[in-house]
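Colleague: Structure: model26.pdb, PDB, C-alpha atoms.
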ATOM      1  CA  MET A   1     -88.171  -0.005 -65.660
ATOM      2  CA  GLU A   2     -85.828  -2.540 -64.137
ATOM      3  CA  GLN A   3     -82.863  -0.253 -64.419
ATOM      4  CA  LYS A   4     -84.769   2.508 -62.683
ATOM      5  CA  ASN A   5     -85.566   0.185 -59.792
ATOM      6  CA  ALA A   6     -81.942  -0.898 -59.497
ATOM      7  CA  LEU A   7     -80.828   2.726 -59.316
ATOM      8  CA  LEU A   8     -83.526   3.484 -56.762
ATOM      9  CA  LYS A   9     -82.490   0.605 -54.537
ATOM     10  CA  GLY A  10     -78.954   1.949 -54.218
ATOM     11  CA  SER A  11     -80.110   5.402 -53.224
ATOM     12  CA  LEU A  12     -82.943   4.278 -50.976
ATOM     13  CA  ALA A  13     -81.057   4.782 -47.720
ATOM     14  CA  THR A  14     -80.125   8.312 -48.775
ATOM     15  CA  ILE A  15     -83.690   9.164 -49.747
ATOM     16  CA  VAL A  16     -85.009   7.912 -46.419
ATOM     17  CA  LEU A  17     -82.325   9.815 -44.505
ATOM     18  CA  LYS A  18     -83.207  12.993 -46.371
ATOM     19  CA  LEU A  19     -86.905  12.629 -45.580
ATOM     20  CA  LEU A  20     -86.202  11.958 -41.920
ATOM     21  CA  SER A  21     -83.864  14.943 -41.723
ATOM     22  CA  GLU A  22     -86.787  17.166 -42.750
ATOM     23  CA  ASN A  23     -89.316  15.633 -40.364
ATOM     24  CA  GLU A  24     -88.987  15.050 -36.653
ATOM     25  CA  LYS A  25     -90.330  11.495 -36.938
ATOM     26  CA  MET A  26     -92.107   9.389 -39.501
ATOM     27  CA  TYR A  27     -93.643   5.940 -39.689
ATOM     28  CA  GLY A  28     -93.077   3.384 -42.449
ATOM     29  CA  TYR A  29     -96.156   4.022 -44.522
ATOM     30  CA  GLU A  30     -95.740   7.778 -44.204
ATOM     31  CA  ILE A  31     -92.262   7.485 -45.756
ATOM     32  CA  THR A  32     -93.674   5.438 -48.637
ATOM     33  CA  LYS A  33     -96.354   8.039 -49.305
ATOM     34  CA  LYS A  34     -93.900  10.960 -49.168
ATOM     35  CA  VAL A  35     -91.538   9.343 -51.658
ATOM     36  CA  LYS A  36     -94.435   8.758 -54.051
ATOM     37  CA  ALA A  37     -95.719  12.309 -53.582
ATOM     38  CA  LEU A  38     -92.324  13.946 -54.034
ATOM     39  CA  SER A  39     -91.716  12.103 -57.283
ATOM     40  CA  ASN A  40     -95.230  12.764 -58.588
ATOM     41  CA  GLY A  41     -95.982   9.072 -58.480
ATOM     42  CA  SER A  42     -93.199   8.006 -60.783
ATOM     43  CA  LEU A  43     -91.080   6.456 -58.043
ATOM     44  CA  THR A  44     -92.955   3.491 -56.653
ATOM     45  CA  LEU A  45     -91.285   2.193 -53.580
ATOM     46  CA  THR A  46     -92.125  -1.404 -52.881
ATOM     47  CA  GLU A  47     -92.644  -1.920 -49.202
ATOM     48  CA  GLY A  48     -90.525  -5.020 -49.520
ATOM     49  CA  ALA A  49     -87.587  -2.668 -50.190
ATOM     50  CA  LEU A  50     -88.445   0.049 -47.686
ATOM     51  CA  TYR A  51     -88.609  -1.925 -44.445
ATOM     52  CA  PRO A  52     -85.267  -3.699 -44.904
ATOM     53  CA  ALA A  53     -83.687  -0.291 -45.594
ATOM     54  CA  LEU A  54     -85.208   1.132 -42.404
ATOM     55  CA  HIS A  55     -84.058  -1.836 -40.334
ATOM     56  CA  LYS A  56     -80.535  -1.451 -41.681
ATOM     57  CA  LEU A  57     -80.493   2.228 -40.751
ATOM     58  CA  GLU A  58     -81.604   1.195 -37.270
ATOM     59  CA  ALA A  59     -78.833  -1.407 -37.044
ATOM     60  CA  ASP A  60     -76.256   1.165 -38.138
ATOM     61  CA  GLY A  61     -77.359   3.516 -35.389
ATOM     62  CA  LEU A  62     -78.619   6.177 -37.767
ATOM     63  CA  VAL A  63     -82.266   6.064 -36.728
ATOM     64  CA  ASP A  64     -84.056   5.674 -33.438
ATOM     65  CA  VAL A  65     -87.351   3.943 -32.954
ATOM     66  CA  SER A  66     -90.317   4.845 -30.741
ATOM     67  CA  ILE A  67     -93.677   3.162 -30.417
ATOM     68  CA  GLU A  68     -96.970   5.011 -30.016
ATOM     69  CA  ASN A  69    -100.489   3.734 -29.680
ATOM     70  CA  ILE A  70    -102.809   4.904 -32.440
ATOM     71  CA  GLY A  71    -106.392   3.912 -31.849
ATOM     72  CA  SER A  72    -106.556   0.141 -31.787
ATOM     73  CA  ARG A  73    -103.005  -0.475 -32.963
ATOM     74  CA  ALA A  74     -99.391   0.406 -32.211
ATOM     75  CA  ARG A  75     -97.251   2.446 -34.591
ATOM     76  CA  LYS A  76     -93.480   2.437 -34.931
ATOM     77  CA  TYR A  77     -91.929   5.856 -35.555
ATOM     78  CA  TYR A  78     -88.459   6.438 -36.954
ATOM     79  CA  SER A  79     -86.322   9.498 -36.243
ATOM     80  CA  LEU A  80     -82.703  10.433 -36.894
ATOM     81  CA  THR A  81     -80.065   9.992 -34.224
ATOM     82  CA  LYS A  82     -77.249  12.512 -33.873
ATOM     83  CA  LYS A  83     -75.081  10.187 -35.949
ATOM     84  CA  GLY A  84     -77.906   9.897 -38.473
ATOM     85  CA  LYS A  85     -78.177  13.658 -38.883
ATOM     86  CA  LYS A  86     -74.484  13.864 -39.721
ATOM     87  CA  GLU A  87     -74.647  10.895 -42.090
ATOM     88  CA  SER A  88     -77.655  12.244 -43.945
ATOM     89  CA  VAL A  89     -75.814  15.423 -44.934
ATOM     90  CA  GLN A  90     -72.814  13.362 -46.035
ATOM     91  CA  LYS A  91     -74.837  10.824 -47.999
ATOM     92  CA  ILE A  92     -76.916  13.475 -49.781
ATOM     93  CA  ASN A  93     -73.734  15.247 -50.892
ATOM     94  CA  GLU A  94     -72.266  11.938 -52.078
ATOM     95  CA  LEU A  95     -75.363  11.183 -54.114
ATOM     96  CA  SER A  96     -75.452  14.670 -55.693
ATOM     97  CA  ARG A  97     -71.803  14.398 -56.643
ATOM     98  CA  PHE A  98     -72.438  10.957 -58.109
ATOM     99  CA  PHE A  99     -75.232  12.274 -60.300
ATOM    100  CA  GLU A 100     -73.103  15.212 -61.440
ATOM    101  CA  GLN A 101     -70.332  12.814 -62.425
ATOM    102  CA  MET A 102     -72.783  10.557 -64.243
ATOM    103  CA  GLN A 103     -74.080  13.521 -66.168
ATOM    104  CA  LEU A 104     -70.548  14.385 -67.252
ATOM    105  CA  VAL A 105     -69.924  10.826 -68.400
ATOM    106  CA  LEU A 106     -73.148  10.622 -70.367
ATOM    107  CA  ASN A 107     -72.638  14.006 -72.006
ATOM    108  CA  PHE A 108     -69.087  13.082 -72.909
ATOM    109  CA  LYS A 109     -70.238   9.878 -74.592
ATOM    110  CA  LEU A 110     -72.923  11.707 -76.529
ATOM    111  CA  THR A 111     -70.496  14.259 -78.021
ATOM    112  CA  LEU A 112     -68.124  11.499 -79.165
ATOM    113  CA  SER A 113     -70.780   9.661 -81.169
TER     114      SER A 113
ATOM    115  CA  MET B   1    -112.311   5.582 -42.050
ATOM    116  CA  GLN B   2    -110.920   3.506 -39.210
ATOM    117  CA  LEU B   3    -110.582  -0.239 -39.209
ATOM    118  CA  THR B   4    -112.334  -2.101 -36.404
ATOM    119  CA  PRO B   5    -110.374  -3.999 -33.733
ATOM    120  CA  GLU B   6    -111.664  -7.220 -35.305
ATOM    121  CA  GLN B   7    -110.226  -6.231 -38.665
ATOM    122  CA  ILE B   8    -106.927  -5.316 -37.020
ATOM    123  CA  GLN B   9    -106.940  -8.780 -35.445
ATOM    124  CA  GLN B  10    -107.523 -10.248 -38.897
ATOM    125  CA  LEU B  11    -104.450  -8.380 -40.109
ATOM    126  CA  PHE B  12    -102.348  -9.883 -37.308
ATOM    127  CA  GLU B  13    -103.587 -13.324 -38.311
ATOM    128  CA  PHE B  14    -102.776 -12.511 -41.923
ATOM    129  CA  THR B  15     -99.156 -11.775 -41.056
ATOM    130  CA  GLU B  16     -98.978 -15.030 -39.048
ATOM    131  CA  LYS B  17    -100.274 -16.912 -42.083
ATOM    132  CA  LYS B  18     -97.561 -15.260 -44.146
ATOM    133  CA  MET B  19     -94.987 -16.721 -41.776
ATOM    134  CA  VAL B  20     -94.183 -13.569 -39.801
ATOM    135  CA  ARG B  21     -93.962 -15.033 -36.311
ATOM    136  CA  TYR B  22     -92.579 -12.144 -34.302
ATOM    137  CA  TYR B  23     -94.978  -9.767 -32.623
ATOM    138  CA  ASP B  24     -92.823  -6.651 -32.955
ATOM    139  CA  LEU B  25     -92.441  -7.190 -36.685
ATOM    140  CA  GLN B  26     -96.163  -7.922 -36.999
ATOM    141  CA  ILE B  27     -96.972  -4.585 -35.399
ATOM    142  CA  GLU B  28     -94.996  -2.697 -38.015
ATOM    143  CA  LEU B  29     -96.555  -4.579 -40.897
ATOM    144  CA  VAL B  30    -100.094  -4.443 -39.502
ATOM    145  CA  ASP B  31     -99.901  -0.665 -39.120
ATOM    146  CA  HIS B  32     -98.742  -0.356 -42.697
ATOM    147  CA  LEU B  33    -101.416  -2.686 -44.023
ATOM    148  CA  ALA B  34    -104.105  -0.970 -41.982
ATOM    149  CA  SER B  35    -103.132   2.558 -43.077
ATOM    150  CA  ARG B  36    -103.023   1.548 -46.708
ATOM    151  CA  ILE B  37    -106.293  -0.401 -46.548
ATOM    152  CA  GLU B  38    -108.061   2.517 -44.870
ATOM    153  CA  GLU B  39    -106.853   4.780 -47.669
ATOM    154  CA  LYS B  40    -107.997   2.401 -50.388
ATOM    155  CA  MET B  41    -111.406   1.923 -48.832
ATOM    156  CA  ASP B  42    -111.794   5.675 -48.494
ATOM    157  CA  ASP B  43    -111.005   6.089 -52.184
ATOM    158  CA  ASP B  44    -113.371   3.304 -53.219
ATOM    159  CA  PRO B  45    -116.181   2.689 -50.707
ATOM    160  CA  ALA B  46    -117.310  -0.316 -52.697
ATOM    161  CA  LEU B  47    -113.998  -2.073 -52.022
ATOM    162  CA  SER B  48    -114.270  -4.861 -49.458
ATOM    163  CA  PHE B  49    -111.757  -5.241 -46.624
ATOM    164  CA  GLU B  50    -110.570  -8.628 -47.908
ATOM    165  CA  THR B  51    -109.988  -7.388 -51.465
ATOM    166  CA  ALA B  52    -108.227  -4.269 -50.223
ATOM    167  CA  LEU B  53    -105.946  -6.474 -48.116
ATOM    168  CA  GLN B  54    -105.005  -8.629 -51.099
ATOM    169  CA  ASP B  55    -104.308  -5.538 -53.202
ATOM    170  CA  VAL B  56    -102.134  -3.975 -50.518
ATOM    171  CA  TYR B  57    -100.207  -7.203 -49.973
ATOM    172  CA  LYS B  58     -99.367  -7.252 -53.691
ATOM    173  CA  GLU B  59     -97.671  -3.877 -53.192
ATOM    174  CA  PHE B  60     -95.033  -5.663 -51.144
ATOM    175  CA  GLY B  61     -93.718  -7.148 -54.325
ATOM    176  CA  LEU B  62     -92.885 -10.670 -55.403
ATOM    177  CA  PHE B  63     -91.440 -11.777 -52.113
ATOM    178  CA  GLY B  64     -94.129 -10.309 -49.927
ATOM    179  CA  PHE B  65     -93.143 -10.596 -46.286
ATOM    180  CA  SER B  66     -90.830 -13.559 -46.648
ATOM    181  CA  LYS B  67     -87.536 -11.715 -46.805
ATOM    182  CA  ILE B  68     -88.411  -9.047 -44.277
ATOM    183  CA  GLU B  69     -88.208 -11.287 -41.222
ATOM    184  CA  GLN B  70     -84.905 -12.793 -42.283
ATOM    185  CA  GLU B  71     -83.204  -9.501 -42.993
ATOM    186  CA  LYS B  72     -84.590  -8.002 -39.774
ATOM    187  CA  LEU B  73     -82.910 -10.807 -37.838
ATOM    188  CA  THR B  74     -79.621 -10.084 -39.626
ATOM    189  CA  GLN B  75     -79.882  -6.383 -38.834
ATOM    190  CA  LEU B  76     -80.772  -7.031 -35.223
ATOM    191  CA  THR B  77     -77.705  -9.251 -34.846
ATOM    192  CA  LYS B  78     -75.554  -6.422 -36.190
ATOM    193  CA  LEU B  79     -77.230  -3.924 -33.911
ATOM    194  CA  TYR B  80     -76.729  -6.006 -30.795
ATOM    195  CA  GLU B  81     -73.094  -6.702 -31.627
ATOM    196  CA  ARG B  82     -72.549  -2.979 -31.922
ATOM    197  CA  ARG B  83     -74.275  -2.386 -28.585
ATOM    198  CA  PHE B  84     -72.145  -5.141 -27.012
ATOM    199  CA  TRP B  85     -68.929  -3.398 -28.052
ATOM    200  CA  ASP B  86     -70.302  -0.012 -27.002
ATOM    201  CA  GLU B  87     -70.982  -1.521 -23.580
ATOM    202  CA  VAL B  88     -67.472  -2.975 -23.370
ATOM    203  CA  LYS B  89     -66.071   0.471 -24.150
ATOM    204  CA  ARG B  90     -68.314   1.930 -21.468
ATOM    205  CA  LEU B  91     -66.888  -0.525 -18.920
ATOM    206  CA  PHE B  92     -63.429   0.895 -19.562
ATOM    207  CA  ARG B  93     -64.536   4.463 -18.998
ATOM    208  CA  TRP B  94     -65.253   6.306 -15.801
ATOM    209  CA  PRO B  95     -66.944   5.332 -13.540
ATOM    210  CA  GLU B  96     -67.275   1.689 -14.523
ATOM    211  CA  ILE B  97     -63.533   1.371 -14.941
ATOM    212  CA  MET B  98     -63.315   1.399 -11.168
ATOM    213  CA  THR B  99     -65.241  -1.880 -10.987
ATOM    214  CA  VAL B 100     -63.217  -3.424 -13.785
ATOM    215  CA  THR B 101     -59.911  -2.385 -12.242
ATOM    216  CA  PHE B 102     -61.027  -3.818  -8.924
ATOM    217  CA  PHE B 103     -61.821  -7.180 -10.513
ATOM    218  CA  LEU B 104     -58.532  -7.156 -12.387
ATOM    219  CA  PHE B 105     -56.711  -6.503  -9.154
ATOM    220  CA  LEU B 106     -58.645  -9.276  -7.443
ATOM    221  CA  ILE B 107     -57.869 -11.740 -10.212
ATOM    222  CA  ILE B 108     -54.155 -10.929 -10.141
ATOM    223  CA  VAL B 109     -53.965 -11.314  -6.362
ATOM    224  CA  VAL B 110     -55.822 -14.625  -6.454
ATOM    225  CA  THR B 111     -53.728 -15.904  -9.360
ATOM    226  CA  ARG B 112     -50.480 -15.192  -7.579
ATOM    227  CA  SER B 113     -51.517 -17.021  -4.467
ATOM    228  CA  THR B 114     -53.181 -20.114  -5.915
ATOM    229  CA  ASN B 115     -52.650 -22.765  -8.536
ATOM    230  CA  GLU B 116     -54.214 -23.501 -11.895
ATOM    231  CA  ILE B 117     -56.807 -25.917 -10.558
ATOM    232  CA  THR B 118     -58.252 -23.382  -8.171
ATOM    233  CA  LEU B 119     -58.386 -20.844 -10.962
ATOM    234  CA  LEU B 120     -60.285 -23.326 -13.072
ATOM    235  CA  PHE B 121     -62.834 -23.723 -10.314
ATOM    236  CA  ILE B 122     -63.147 -19.960 -10.094
ATOM    237  CA  ALA B 123     -63.718 -19.795 -13.839
ATOM    238  CA  VAL B 124     -66.471 -22.389 -13.610
ATOM    239  CA  GLY B 125     -67.978 -20.549 -10.679
ATOM    240  CA  ILE B 126     -68.126 -17.281 -12.566
ATOM    241  CA  TYR B 127     -69.704 -19.037 -15.526
ATOM    242  CA  ILE B 128     -72.418 -20.528 -13.363
ATOM    243  CA  LEU B 129     -73.072 -17.111 -11.840
ATOM    244  CA  TYR B 130     -73.318 -15.610 -15.307
ATOM    245  CA  MET B 131     -75.789 -18.270 -16.467
ATOM    246  CA  LEU B 132     -77.947 -17.878 -13.384
ATOM    247  CA  THR B 133     -78.087 -14.097 -13.787
ATOM    248  CA  GLN B 134     -79.003 -14.493 -17.448
ATOM    249  CA  ILE B 135     -81.800 -16.900 -16.560
ATOM    250  CA  PHE B 136     -83.035 -14.519 -13.899
ATOM    251  CA  ILE B 137     -83.130 -11.630 -16.396
ATOM    252  CA  ASN B 138     -84.916 -13.775 -18.959
ATOM    253  CA  ASN B 139     -87.579 -14.753 -16.488
ATOM    254  CA  LYS B 140     -88.069 -11.241 -15.213
ATOM    255  CA  PHE B 141     -88.894 -10.039 -18.715
ATOM    256  CA  LYS B 142     -90.661 -12.959 -20.247
ATOM    257  CA  PRO B 143     -93.001 -11.960 -23.053
ATOM    258  CA  LYS B 144     -96.163 -13.929 -23.736
ATOM    259  CA  LYS B 145     -95.789 -13.384 -27.481
ATOM    260  CA  ILE B 146     -92.425 -13.878 -29.139
ATOM    261  CA  LEU B 147     -90.540 -10.742 -29.925
ATOM    262  CA  LEU B 148     -87.724 -10.611 -32.413
ATOM    263  CA  ALA B 149     -86.056  -7.993 -30.251
ATOM    264  CA  THR B 150     -85.632 -10.334 -27.319
ATOM    265  CA  SER B 151     -85.424 -13.741 -28.878
ATOM    266  CA  TYR B 152     -81.891 -13.222 -30.027
ATOM    267  CA  PHE B 153     -78.969 -12.667 -27.923
ATOM    268  CA  SER B 154     -76.561 -15.481 -27.611
ATOM    269  CA  SER B 155     -72.950 -14.746 -27.046
ATOM    270  CA  PRO B 156     -70.868 -17.692 -28.214
ATOM    271  CA  ILE B 157     -67.806 -15.580 -27.476
ATOM    272  CA  ILE B 158     -68.469 -15.834 -23.769
ATOM    273  CA  THR B 159     -68.649 -19.603 -23.802
ATOM    274  CA  LEU B 160     -65.320 -19.599 -25.641
ATOM    275  CA  TYR B 161     -63.663 -17.478 -23.005
ATOM    276  CA  PHE B 162     -64.967 -19.701 -20.270
ATOM    277  CA  LEU B 163     -63.766 -22.826 -22.100
ATOM    278  CA  ALA B 164     -60.352 -21.353 -22.860
ATOM    279  CA  PRO B 165     -58.977 -21.887 -19.334
ATOM    280  CA  PHE B 166     -59.399 -25.626 -19.804
ATOM    281  CA  PHE B 167     -57.141 -25.485 -22.850
ATOM    282  CA  VAL B 168     -54.439 -23.149 -21.607
ATOM    283  CA  ILE B 169     -54.153 -24.657 -18.160
ATOM    284  CA  GLU B 170     -50.860 -26.288 -19.078
ATOM    285  CA  GLN B 171     -49.271 -23.079 -20.268
ATOM    286  CA  SER B 172     -49.386 -20.423 -17.658
ATOM    287  CA  LYS B 173     -51.726 -19.505 -14.893
ATOM    288  CA  TYR B 174     -51.493 -15.870 -15.956
ATOM    289  CA  LEU B 175     -52.867 -16.797 -19.364
ATOM    290  CA  LEU B 176     -55.677 -18.517 -17.535
ATOM    291  CA  ALA B 177     -56.220 -15.391 -15.476
ATOM    292  CA  ALA B 178     -56.306 -13.276 -18.636
ATOM    293  CA  PHE B 179     -59.106 -15.409 -20.056
ATOM    294  CA  ILE B 180     -61.012 -15.221 -16.816
ATOM    295  CA  PHE B 181     -60.742 -11.443 -16.900
ATOM    296  CA  ILE B 182     -61.950 -11.293 -20.523
ATOM    297  CA  ALA B 183     -64.800 -13.652 -19.725
ATOM    298  CA  LEU B 184     -65.785 -11.494 -16.776
ATOM    299  CA  VAL B 185     -65.822  -8.282 -18.812
ATOM    300  CA  SER B 186     -67.807  -9.992 -21.597
ATOM    301  CA  SER B 187     -70.369 -11.339 -19.152
ATOM    302  CA  LEU B 188     -70.837  -7.966 -17.493
ATOM    303  CA  ALA B 189     -71.364  -6.347 -20.891
ATOM    304  CA  THR B 190     -73.718  -9.079 -22.096
ATOM    305  CA  LEU B 191     -75.804  -9.084 -18.953
ATOM    306  CA  ARG B 192     -76.192  -5.347 -19.006
ATOM    307  CA  ILE B 193     -77.369  -5.113 -22.601
ATOM    308  CA  SER B 194     -79.544  -8.158 -22.229
ATOM    309  CA  PHE B 195     -81.259  -6.384 -19.351
ATOM    310  CA  VAL B 196     -81.558  -3.063 -21.224
ATOM    311  CA  ILE B 197     -82.863  -4.677 -24.407
ATOM    312  CA  LYS B 198     -85.510  -6.659 -22.587
ATOM    313  CA  LYS B 199     -86.571  -3.649 -20.535
ATOM    314  CA  GLU B 200     -86.858  -1.543 -23.705
ATOM    315  CA  ALA B 201     -88.887  -4.258 -25.386
ATOM    316  CA  LYS B 202     -91.288  -4.402 -22.446
ATOM    317  CA  ASN B 203     -91.687  -0.616 -22.652
ATOM    318  CA  ASN B 204     -92.213  -0.589 -26.381
ATOM    319  CA  PHE B 205     -94.469  -3.600 -26.713
ATOM    320  CA  PRO B 206     -96.661  -3.800 -23.635
ATOM    321  CA  GLY B 207     -99.136  -5.797 -25.688
ATOM    322  CA  ALA B 208     -96.718  -8.711 -25.747
ATOM    323  CA  TYR B 209     -96.442  -8.852 -21.962
ATOM    324  CA  ALA B 210    -100.064  -8.360 -20.980
TER     325      ALA B 210
END
Do you think you could lay out the structure here as structure tokens?

Modeller:
Amino acid sequence: MEQKNALLKGSLATIVLKLLSENEKMYGYEITKKVKALSNGSLTLTEGALYPALHKLEADGLVDVSIENIGSRARKYYSLTKKGKKESVQKINELSRFFEQMQLVLNFKLTLS
Amino acid sequence: MQLTPEQIQQLFEFTEKKMVRYYDLQIELVDHLASRIEEKMDDDPALSFETALQDVYKEFGLFGFSKIEQEKLTQLTKLYERRFWDEVKRLFRWPEIMTVTFFLFLIIVVTRSTNEITLLFIAVGIYILYMLTQIFINNKFKPKKILLATSYFSSPIITLYFLAPFFVIEQSKYLLAAFIFIALVSSLATLRISFVIKKEAKNNFPGAYA
């Protein structure tokens, strides 16, 4: 369980970028829900991990922020910048390649033993 | 279901209790809490607002909100530094480069025709002008509630450039002039982003200025 969370933390930025690349804009809780839905509930994102990741993406210029009023409260929406769109493609490819390589390593080890 | 304005207010107070002091950060967290609580109460009508809140807060993990404010401040610092350098680059592109070249020309002409002491006075004068403009901008966009977005922007670099003349005065008046030029460019960049950031914040968070 702990190892899974450590792996998730490293790929969090990529996952968020991928989600944002498929939606015009999303708000924090919406991203949390989508991640849970996509993984059939097995990936539980703690909000304590999500918001720092979003703020970092904002600092790096990959996402833009807009505020809208929803009923009696204000909601912060995130969307990809031009730079973010480019980065998301790059990061997703990096992550896929990483998993392919990991698979090779694990399979290799298995055959040896 | 929709939470009442009173319940939303309770959520704001909850974030304050959990040491989240900045209004813009509170807004983000309150929306999250509210959305999640509404969902939970829809799933289980017997669930009370207070219990739902405690359950949702647990979903933030062991550290709750405590790390979020700190890391947001770190990220904001990075973001503003980036914007500062972007602004400096903009000053050296058309059309702003006209203004910068003009000031450079002015500084060179003045340096050639005066001595170090006069230059020092000019440096002090520019600094005072910079400070006054900064104060003016701060007052023009003064939020009633503290915003993280506008409570940071100090530029220690600028103070350094304005102090430098006092240290290089013995060496060469052109070195002095160079520092004055750098200080001028830095102040122009800082003032511009300070203005833009505060204007954006006022647009995004009207509730903090009401």

Colleague: How close does each residue of region 1-104 of chain A get to region 57-69 of chain B, giving the shortest atom pair and distance in Å to one decimal for every residue with an atom at most 9 Å away, counting only C-alpha atoms, sorted by chain and residue number, as a tab-separated table?

Modeller:
residue	atom	partner	partner_atom	distance
A:Leu45	CA	B:Glu59	CA	8.8
A:Thr46	CA	B:Phe60	CA	5.4
A:Glu47	CA	B:Phe60	CA	4.8
A:Gly48	CA	B:Phe60	CA	4.8
A:Ala49	CA	B:Phe60	CA	8.1
A:Tyr51	CA	B:Ile68	CA	7.1
A:Pro52	CA	B:Ile68	CA	6.2

Colleague: For this structure, which residues satisfy the selection - the PyMOL selection byres ((chain A) within 8 of (chain B)) - when it is evaluated on the file as given? I want them as a list in words.

Modeller: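 Going through the file, the PyMOL selection byres ((chain A) within 8 of (chain B)) ends up selecting Gly28, Tyr29, Thr46, Glu47, Gly48, Tyr51, Pro52, His55, Lys56, Glu58, Ala59, Asp60, Gly61, Ser66, Ile67, Ser72, Arg73, Ala74, Arg75 and Lys76 of chain A.
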
Colleague: Please dump the current selection as a tab-separated table (two decimals), in the coordinates of the input; keep C-alpha atoms.

Modeller:
chain	number	residue	atom	x	y	z
A	28	GLY	CA	-93.08	3.38	-42.45
A	29	TYR	CA	-96.16	4.02	-44.52
A	46	THR	CA	-92.12	-1.40	-52.88
A	47	GLU	CA	-92.64	-1.92	-49.20
A	48	GLY	CA	-90.52	-5.02	-49.52
A	51	TYR	CA	-88.61	-1.92	-44.44
A	52	PRO	CA	-85.27	-3.70	-44.90
A	55	HIS	CA	-84.06	-1.84	-40.33
A	56	LYS	CA	-80.54	-1.45	-41.68
A	58	GLU	CA	-81.60	1.20	-37.27
A	59	ALA	CA	-78.83	-1.41	-37.04
A	60	ASP	CA	-76.26	1.16	-38.14
A	61	GLY	CA	-77.36	3.52	-35.39
A	66	SER	CA	-90.32	4.84	-30.74
A	67	ILE	CA	-93.68	3.16	-30.42
A	72	SER	CA	-106.56	0.14	-31.79
A	73	ARG	CA	-103.00	-0.48	-32.96
A	74	ALA	CA	-99.39	0.41	-32.21
A	75	ARG	CA	-97.25	2.45	-34.59
A	76	LYS	CA	-93.48	2.44	-34.93

Colleague: If we count all atoms listed in the file and set the cut-off at 12 Å, which residues sit around Ser21 (chain A), ignoring sequence neighbours fewer than 3 positions away in its own chain? Please answer as a list in words.

Modeller: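 Answer for this query is Thr14, Ile15, Val16, Leu17, Lys18, Glu24, Lys25, Met26, Ile31, Leu62, Val63, Tyr78, Ser79, Leu80, Thr81, Lys82, Lys83, Gly84, Lys85, Lys86, Glu87, Ser88, Val89, Gln90, Lys91 and Ile92 of chain A.
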
Colleague: Take CA of Phe12 (chain B) and CA of Lys140 (chain B) and report the distance between them in Å, one decimal.

Modeller: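 The value is 26.3 Å.
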
Colleague: Please measure the separation of CA of Glu30 (chain A) and CA of Tyr77 (chain A), giving the value in Å to one decimal.

Modeller: 9.6 Å
